[in-house]
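Asker: Data file final-v4.cif (mmCIF, C-alpha atoms) is appended below.
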```cif
data_model
#
loop_
_atom_site.label_atom_id
_atom_site.label_comp_id
_atom_site.auth_asym_id
_atom_site.auth_seq_id
_atom_site.Cartn_x
_atom_site.Cartn_y
_atom_site.Cartn_z
CA GLN J 1 17.21 6.66 -19.37
CA ALA J 2 14.28 5.77 -21.63
CA ARG J 3 14.48 2.10 -20.58
CA ILE J 4 14.10 3.04 -16.91
CA LEU J 5 11.11 5.23 -17.72
CA GLU J 6 9.46 2.32 -19.55
CA TRP J 7 9.83 0.09 -16.48
CA VAL J 8 8.40 2.82 -14.24
CA VAL J 9 5.38 3.23 -16.52
CA ILE J 10 4.83 -0.54 -16.55
CA GLY J 11 5.18 -0.53 -12.75
CA VAL J 12 2.60 2.23 -12.33
CA GLY J 13 0.17 0.30 -14.51
CA THR J 14 0.83 -2.93 -12.65
CA THR J 15 0.37 -1.22 -9.27
CA GLY J 16 -2.84 0.37 -10.51
CA PHE J 17 -4.20 -2.99 -11.63
CA GLY J 18 -3.16 -4.46 -8.28
CA ILE J 19 -5.10 -1.81 -6.37
CA PHE J 20 -8.08 -2.35 -8.69
CA PHE J 21 -8.08 -6.11 -8.09
CA ILE J 22 -7.74 -5.64 -4.32
CA LEU J 23 -10.68 -3.23 -4.24
CA PHE J 24 -12.72 -5.42 -6.60
CA GLY J 25 -11.94 -8.49 -4.47
CA MET J 26 -13.11 -6.67 -1.34
CA LEU J 27 -16.24 -5.53 -3.17
CA LEU J 28 -17.02 -9.15 -4.05
CA TYR J 29 -17.05 -10.22 -0.38
CA PHE J 30 -13.31 -10.83 -0.02
CA ASP J 31 -12.82 -13.10 -3.02
CA SER J 32 -9.50 -14.75 -2.24
CA VAL J 33 -8.37 -15.21 -5.85
CA LEU J 34 -8.87 -11.55 -6.75
CA LEU J 35 -7.21 -10.40 -3.52
CA ALA J 36 -4.22 -12.68 -4.05
CA PHE J 37 -3.84 -11.55 -7.65
CA GLY J 38 -4.12 -7.91 -6.57
CA ASN J 39 -1.48 -8.40 -3.87
CA LEU J 40 0.96 -9.97 -6.31
CA LEU J 41 0.38 -7.23 -8.88
CA PHE J 42 0.76 -4.49 -6.27
CA LEU J 43 4.05 -5.83 -4.93
CA THR J 44 5.37 -6.46 -8.45
CA GLY J 45 4.44 -2.95 -9.54
CA LEU J 46 6.02 -1.41 -6.47
CA SER J 47 9.28 -3.22 -7.14
CA LEU J 48 9.17 -2.13 -10.81
CA ILE J 49 8.63 1.51 -9.85
CA ILE J 50 11.35 1.92 -7.22
CA GLY J 51 13.55 -1.08 -8.01
CA LEU J 52 14.21 -4.33 -6.18
CA ARG J 53 17.02 -3.01 -3.98
CA ARG J 54 15.01 0.00 -2.76
CA THR J 55 11.93 -2.17 -2.23
CA PHE J 56 13.87 -4.58 -0.01
CA SER J 57 15.60 -1.76 1.84
CA PHE J 58 12.23 -0.07 2.47
CA PHE J 59 10.47 -3.17 3.75
CA PHE J 60 13.34 -4.57 5.80
CA GLN J 61 14.44 -1.53 7.80
CA ARG J 62 14.80 -2.37 11.47
CA HIS J 63 12.06 0.00 12.66
CA LYS J 64 9.65 -1.24 9.96
CA LEU J 65 10.01 -4.98 10.55
CA LYS J 66 6.79 -5.20 12.55
CA GLY J 67 4.76 -3.58 9.78
CA THR J 68 6.53 -5.62 7.13
CA SER J 69 5.84 -8.89 8.93
CA PHE J 70 2.15 -8.06 9.29
CA PHE J 71 1.85 -6.88 5.69
CA LEU J 72 3.70 -9.77 4.07
CA GLY J 73 2.13 -12.22 6.54
CA GLY J 74 -1.26 -10.94 5.41
CA VAL J 75 -0.29 -11.51 1.79
CA VAL J 76 0.68 -15.10 2.61
CA ILE J 77 -2.56 -15.65 4.55
CA VAL J 78 -4.56 -14.35 1.57
CA LEU J 79 -2.62 -16.68 -0.73
CA LEU J 80 -3.56 -19.55 1.62
CA ARG J 81 -7.24 -18.62 1.03
CA TRP J 82 -8.03 -16.91 4.36
CA PRO J 83 -8.92 -13.56 2.82
CA LEU J 84 -10.63 -11.78 5.72
CA LEU J 85 -7.87 -12.46 8.25
CA GLY J 86 -5.20 -11.74 5.64
CA MET J 87 -6.69 -8.38 4.71
CA PHE J 88 -6.92 -7.35 8.37
CA LEU J 89 -3.24 -8.22 8.82
CA GLU J 90 -2.30 -6.42 5.61
CA THR J 91 -4.23 -3.31 6.61
CA TYR J 92 -2.51 -3.13 9.98
CA GLY J 93 0.87 -3.68 8.33
CA PHE J 94 0.14 -1.05 5.67
CA PHE J 95 -0.75 1.60 8.25
CA SER J 96 2.28 0.63 10.32
CA LEU J 97 4.62 0.85 7.31
CA PHE J 98 3.31 4.13 5.91
CA ARG J 99 2.38 6.01 9.10
CA GLY J 100 5.16 8.53 8.52
CA PHE J 101 3.74 9.36 5.09
CA PHE J 102 0.19 10.14 6.22
CA PRO J 103 0.91 13.57 7.80
CA VAL J 104 2.66 14.65 4.58
CA ALA J 105 -0.27 13.44 2.46
CA PHE J 106 -2.86 15.10 4.71
CA GLY J 107 -0.88 18.35 4.67
CA PHE J 108 -0.75 18.27 0.87
CA LEU J 109 -4.48 17.54 0.60
CA GLY J 110 -5.24 20.32 3.08
CA SER J 111 -3.26 22.87 1.12
CA ALA J 112 -4.45 21.64 -2.28
CA SER J 113 -8.17 21.60 -1.52
CA ASN J 114 -10.07 24.88 -1.55
CA ILE J 115 -13.10 23.43 0.21
CA PRO J 116 -13.17 24.97 3.71
CA PHE J 117 -14.45 21.94 5.64
CA LEU J 118 -12.07 19.47 3.95
CA SER J 119 -9.14 21.84 4.25
CA ALA J 120 -9.70 22.22 8.00
CA LEU J 121 -10.15 18.44 8.40
CA PHE J 122 -6.94 17.61 6.54
CA GLN J 123 -5.01 20.27 8.46
CA ARG J 124 -6.24 18.74 11.74
CA LEU J 125 -5.32 15.21 10.59
CA GLN J 126 -1.88 16.45 9.60
CA GLY J 127 -1.10 17.64 13.11
CA THR J 128 -2.18 14.45 14.95
CA SER J 129 0.64 12.15 13.85
CA SER J 130 4.40 12.45 14.09
CA MET J 131 6.93 11.77 11.36
CA VAL J 132 8.93 9.35 13.52
#
```
Kindly present the structure from the file in structure tokens form.
Answerer:
Amino acid sequence: QARILEWVVIGVGTTGFGIFFILFGMLLYFDSVLLAFGNLLFLTGLSLIIGLRRTFSFFFQRHKLKGTSFFLGGVVIVLLRWPLLGMFLETYGFFSLFRGFFPVAFGFLGSASNIPFLSALFQRLQGTSSMV
């Protein structure tokens, strides 16, 4: 049990560094090396957090193949040093893969925030998308 927790902690750190390198690479005018390193760290961290089998089963579900192909195609394009096109493809794939999660996240943010304007905005964003 403790061994699994260690891998999850390492995965969270690796995913965090991946997100940092992706954001830093975008901040430095789409530096392809930083973006590629961030992509590899992000995918490695994700597979360490939820496991290889669950990672593959998440990405390769039949209804998520379009998003997966755009996301992983974007990663390959970034690795081939076309960072702007690769990031556009990755962004589309990311939103396509996780579109069912956004209403849940917006609902949580709407209920968790006590700021009236943000609460109303998140509640409105929660109702615009379906879970399917």
Asker: Rounded to one decimal place, report the CA of Val76 (chain J)-CA of Leu43 (chain J) distance in Å.
Answerer: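 Pair CA of Val76 (chain J) / CA of Leu43 (chain J) returns 12.4 Å.
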Asker: Show which residues sit within 7 Å of Gly74 (chain J), as a VMD selection string. Count all atoms listed in the file, and ignore same-chain residues fewer than 4 positions away.
Answerer: chain J and resid 70 78 86 to 87 89 to 90
Asker: Given the selection you just returned, output its residues as a file containing C-alpha atoms, formatted as a JSON list (two decimals), in the coordinates of the input.
Answerer:
```
[["chain", "number", "residue", "atom", "x", "y", "z"],
["J", 70, "PHE", "CA", 2.15, -8.06, 9.29],
["J", 78, "VAL", "CA", -4.56, -14.35, 1.57],
["J", 86, "GLY", "CA", -5.20, -11.74, 5.64],
["J", 87, "MET", "CA", -6.69, -8.38, 4.71],
["J", 89, "LEU", "CA", -3.24, -8.22, 8.82],
["J", 90, "GLU", "CA", -2.30, -6.42, 5.61]]
```
Asker: Work out how far apart CA of Ile10 (chain J) and CA of Gly93 (chain J) are and give it in Å to one decimal.
Answerer: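 Between these atoms lies a distance of 25.4 Å.
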Asker: Between J:Phe59, J:Val12, J:Lys64, J:Asp31, which one has atoms that come closest to Thr44 (chain J), using all atoms listed in the file?
Answerer: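 Of J:Phe59, J:Val12, J:Lys64, J:Asp31, the one nearest Thr44 (chain J), counting all atoms listed in the file, is J:Val12.
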Asker: Quick one: everything within 12 Å of Phe24 (chain J), counting all atoms listed in the file, minus sequence neighbours fewer than 2 positions away in the same chain. Send it as a PyMOL selection string.
Answerer: chain J and resi 17-22+26-39
Asker: Pick out the closest residue to Val9 (chain J) from this set: J:Leu72, J:Leu40, J:Ala105, J:Leu46. Count all atoms listed in the file.
Answerer: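 Among J:Leu72, J:Leu40, J:Ala105, J:Leu46, it is J:Leu46 that comes nearest to Val9 (chain J).
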Asker: Rounded to one decimal in Å, what is the spacing between CA of Gly11 (chain J) and CA of Gly51 (chain J)?
Answerer: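 CA of Gly11 (chain J) sits 9.6 Å away from CA of Gly51 (chain J).
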Asker: Using only C-alpha atoms, find the one residue out of J:Ile50, J:Leu41, J:Val104, J:Leu121 that sits nearest to Val75 (chain J).
Answerer: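 Once distances to Val75 (chain J) are computed over only C-alpha atoms, the minimum belongs to J:Leu41.
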